[in-house]
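Structure file run.txt; described as compact mmCIF, N, CA and C atoms.
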# COMPACT_ATOMS: atom_id res chain seq x y z
N MET X 1 0.97 2.41 13.00
CA MET X 1 0.84 2.37 11.56
C MET X 1 -0.53 1.81 11.20
N SER X 2 -1.45 2.65 11.02
CA SER X 2 -2.80 2.23 10.69
C SER X 2 -2.84 1.63 9.29
N GLY X 3 -3.51 0.48 9.17
CA GLY X 3 -3.67 -0.15 7.86
C GLY X 3 -2.55 -1.08 7.47
N SER X 4 -1.50 -1.17 8.29
CA SER X 4 -0.40 -2.07 7.96
C SER X 4 -0.56 -3.37 8.69
N SER X 5 0.24 -4.37 8.33
CA SER X 5 0.14 -5.67 8.97
C SER X 5 0.85 -5.71 10.32
N SER X 6 1.74 -4.74 10.59
CA SER X 6 2.43 -4.75 11.86
C SER X 6 1.46 -4.39 12.97
N GLY X 7 1.47 -5.17 14.02
CA GLY X 7 0.58 -4.92 15.14
C GLY X 7 -0.80 -5.53 14.97
N SER X 8 -1.08 -6.13 13.84
CA SER X 8 -2.39 -6.73 13.60
C SER X 8 -2.24 -8.21 13.35
N ARG X 9 -3.03 -9.02 14.05
CA ARG X 9 -2.98 -10.47 13.84
C ARG X 9 -4.17 -10.94 13.03
N THR X 10 -4.81 -10.05 12.29
CA THR X 10 -5.94 -10.43 11.45
C THR X 10 -5.53 -10.52 9.99
N ASN X 11 -4.27 -10.42 9.71
CA ASN X 11 -3.74 -10.44 8.37
C ASN X 11 -3.54 -11.88 7.90
N SER X 12 -3.61 -12.12 6.59
CA SER X 12 -3.44 -13.47 6.06
C SER X 12 -2.04 -14.01 6.31
N ILE X 13 -1.07 -13.15 6.56
CA ILE X 13 0.28 -13.62 6.82
C ILE X 13 0.34 -14.42 8.13
N PHE X 14 -0.66 -14.25 8.99
CA PHE X 14 -0.75 -15.01 10.24
C PHE X 14 -1.75 -16.15 10.13
N GLY X 15 -2.31 -16.38 8.95
CA GLY X 15 -3.24 -17.48 8.75
C GLY X 15 -4.67 -17.13 9.12
N ALA X 16 -4.96 -15.85 9.34
CA ALA X 16 -6.30 -15.43 9.75
C ALA X 16 -7.32 -15.62 8.64
N ASN X 17 -6.87 -15.83 7.41
CA ASN X 17 -7.79 -16.03 6.29
C ASN X 17 -8.24 -17.49 6.16
N ILE X 18 -7.82 -18.35 7.08
CA ILE X 18 -8.18 -19.76 7.05
C ILE X 18 -9.25 -19.99 8.12
N PRO X 19 -10.49 -20.29 7.72
CA PRO X 19 -11.58 -20.46 8.69
C PRO X 19 -11.25 -21.51 9.75
N GLY X 20 -11.45 -21.15 11.01
CA GLY X 20 -11.23 -22.07 12.11
C GLY X 20 -9.80 -22.17 12.59
N LYS X 21 -8.86 -21.54 11.88
CA LYS X 21 -7.45 -21.61 12.27
C LYS X 21 -7.13 -20.49 13.25
N THR X 22 -6.42 -20.83 14.30
CA THR X 22 -5.94 -19.82 15.22
C THR X 22 -4.78 -19.09 14.56
N PRO X 23 -4.84 -17.77 14.47
CA PRO X 23 -3.74 -17.03 13.84
C PRO X 23 -2.41 -17.30 14.53
N SER X 24 -1.38 -17.56 13.74
CA SER X 24 -0.04 -17.79 14.27
C SER X 24 0.96 -17.37 13.20
N VAL X 25 2.20 -17.26 13.59
CA VAL X 25 3.24 -16.86 12.66
C VAL X 25 3.48 -17.98 11.66
N LEU X 26 3.47 -17.66 10.37
CA LEU X 26 3.62 -18.67 9.33
C LEU X 26 4.94 -18.52 8.56
N PHE X 27 5.92 -17.89 9.18
CA PHE X 27 7.20 -17.69 8.51
C PHE X 27 8.04 -18.96 8.59
N TYR X 28 8.82 -19.23 7.56
CA TYR X 28 9.79 -20.32 7.58
C TYR X 28 11.16 -19.69 7.70
N LEU X 29 11.85 -19.94 8.80
CA LEU X 29 13.12 -19.27 9.06
C LEU X 29 14.33 -20.12 8.71
N GLY X 30 14.13 -21.20 7.97
CA GLY X 30 15.23 -22.10 7.64
C GLY X 30 16.02 -21.68 6.41
N GLY X 31 15.66 -20.58 5.78
CA GLY X 31 16.37 -20.12 4.60
C GLY X 31 15.68 -20.56 3.31
N LEU X 32 15.84 -19.77 2.27
CA LEU X 32 15.16 -20.01 1.00
C LEU X 32 15.57 -21.34 0.36
N ARG X 33 16.83 -21.69 0.42
CA ARG X 33 17.29 -22.96 -0.18
C ARG X 33 16.61 -24.15 0.50
N ASN X 34 16.56 -24.14 1.83
CA ASN X 34 15.90 -25.23 2.55
C ASN X 34 14.40 -25.25 2.29
N TYR X 35 13.79 -24.08 2.24
CA TYR X 35 12.35 -23.97 1.98
C TYR X 35 12.01 -24.58 0.62
N ARG X 36 12.79 -24.23 -0.38
CA ARG X 36 12.56 -24.77 -1.72
C ARG X 36 12.77 -26.28 -1.75
N ALA X 37 13.74 -26.78 -0.98
CA ALA X 37 13.98 -28.22 -0.92
C ALA X 37 12.77 -28.93 -0.29
N VAL X 38 12.22 -28.35 0.77
CA VAL X 38 11.04 -28.93 1.42
C VAL X 38 9.86 -28.92 0.46
N LEU X 39 9.65 -27.81 -0.25
CA LEU X 39 8.57 -27.72 -1.23
C LEU X 39 8.71 -28.79 -2.30
N ALA X 40 9.92 -28.98 -2.81
CA ALA X 40 10.15 -29.98 -3.85
C ALA X 40 9.88 -31.39 -3.32
N GLU X 41 10.28 -31.65 -2.08
CA GLU X 41 10.05 -32.96 -1.48
C GLU X 41 8.55 -33.23 -1.30
N VAL X 42 7.82 -32.26 -0.83
CA VAL X 42 6.37 -32.41 -0.63
C VAL X 42 5.68 -32.61 -1.97
N ALA X 43 6.07 -31.85 -2.99
CA ALA X 43 5.48 -31.99 -4.32
C ALA X 43 5.78 -33.37 -4.91
N ALA X 44 7.02 -33.84 -4.74
CA ALA X 44 7.40 -35.15 -5.27
C ALA X 44 6.66 -36.29 -4.57
N ASP X 45 6.19 -36.02 -3.35
CA ASP X 45 5.47 -37.03 -2.57
C ASP X 45 3.96 -36.86 -2.71
N GLY X 46 3.51 -36.28 -3.85
CA GLY X 46 2.08 -36.13 -4.10
C GLY X 46 1.43 -35.05 -3.26
N TYR X 47 2.19 -34.04 -2.88
CA TYR X 47 1.70 -32.94 -2.03
C TYR X 47 1.22 -33.46 -0.68
N ARG X 48 2.10 -34.25 -0.05
CA ARG X 48 1.86 -34.81 1.28
C ARG X 48 1.41 -33.70 2.24
N GLY X 49 0.32 -33.97 2.97
CA GLY X 49 -0.19 -33.02 3.94
C GLY X 49 -1.23 -32.06 3.40
N PHE X 50 -1.47 -32.11 2.09
CA PHE X 50 -2.45 -31.23 1.46
C PHE X 50 -3.62 -32.05 0.94
N ASP X 51 -4.80 -31.47 0.96
CA ASP X 51 -5.99 -32.09 0.40
C ASP X 51 -6.22 -31.43 -0.97
N VAL X 52 -5.65 -32.03 -2.01
CA VAL X 52 -5.67 -31.45 -3.35
C VAL X 52 -6.84 -32.01 -4.14
N LYS X 53 -7.63 -31.12 -4.72
CA LYS X 53 -8.78 -31.52 -5.54
C LYS X 53 -8.68 -30.85 -6.89
N SER X 54 -9.26 -31.47 -7.91
CA SER X 54 -9.28 -30.85 -9.21
C SER X 54 -10.32 -29.73 -9.22
N ALA X 55 -10.23 -28.84 -10.16
CA ALA X 55 -11.16 -27.71 -10.24
C ALA X 55 -12.60 -28.18 -10.42
N GLU X 56 -12.79 -29.33 -11.07
CA GLU X 56 -14.14 -29.84 -11.27
C GLU X 56 -14.79 -30.27 -9.96
N MET X 57 -14.00 -30.63 -8.96
CA MET X 57 -14.52 -31.11 -7.68
C MET X 57 -14.85 -29.98 -6.71
N VAL X 58 -14.36 -28.80 -6.98
CA VAL X 58 -14.54 -27.67 -6.07
C VAL X 58 -15.89 -27.01 -6.30
N THR X 59 -16.67 -26.86 -5.24
CA THR X 59 -17.95 -26.17 -5.34
C THR X 59 -17.86 -24.89 -4.53
N VAL X 60 -18.53 -23.87 -5.02
CA VAL X 60 -18.50 -22.58 -4.33
C VAL X 60 -19.80 -22.35 -3.61
Would it be possible to restate this file's structure as structure tokens?
Amino acid sequence: MSGSSSGSRTNSIFGANIPGKTPSVLFYLGGLRNYRAVLAEVAADGYRGFDVKSAEMVTV
């Protein structure tokens, strides 16, 4: 299947769009309810594990 993500590890679904990151599977297989619970917990904890900056701090 030319042009599809199957068979290609250069797609953003594998993290290939992140400079310096080794492409790997980024799926969460714990179910949507658990995924949403984890997201809510991380958000409530100030986005633990993320380097969050305001738009004014971002330079292009």
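The interatomic distance for the pair CA of Tyr28 in chain X and CA of Ala55 in chain X works out to 28.5 Å.
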- Note on the structure: Computed gap from CA of Asn11 in chain X to CA of Phe50 in chain X is 21.9 Å
Listed atoms of range 22-39 of chain X, axis-aligned box, 6 Å per side: centre and edge lengths to one decimal in Å, as JSON?
{"center_x": 5.4, "center_y": -22.9, "center_z": 6.5, "size_x": 35.7, "size_y": 24.1, "size_z": 29.5}
- Task: Mind giving me the straight-line distance from atom N of Phe27 in chain X to atom N of Ser12 in chain X in Å, one decimal?
- Result: 11.4 Å
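Residues surrounding Ser24 in chain X within 8 Å are Arg9, Ile13, Phe14, Gly15 and Ala16 of chain X [only N, CA and C atoms; sequence separation below 4 positions excluded].
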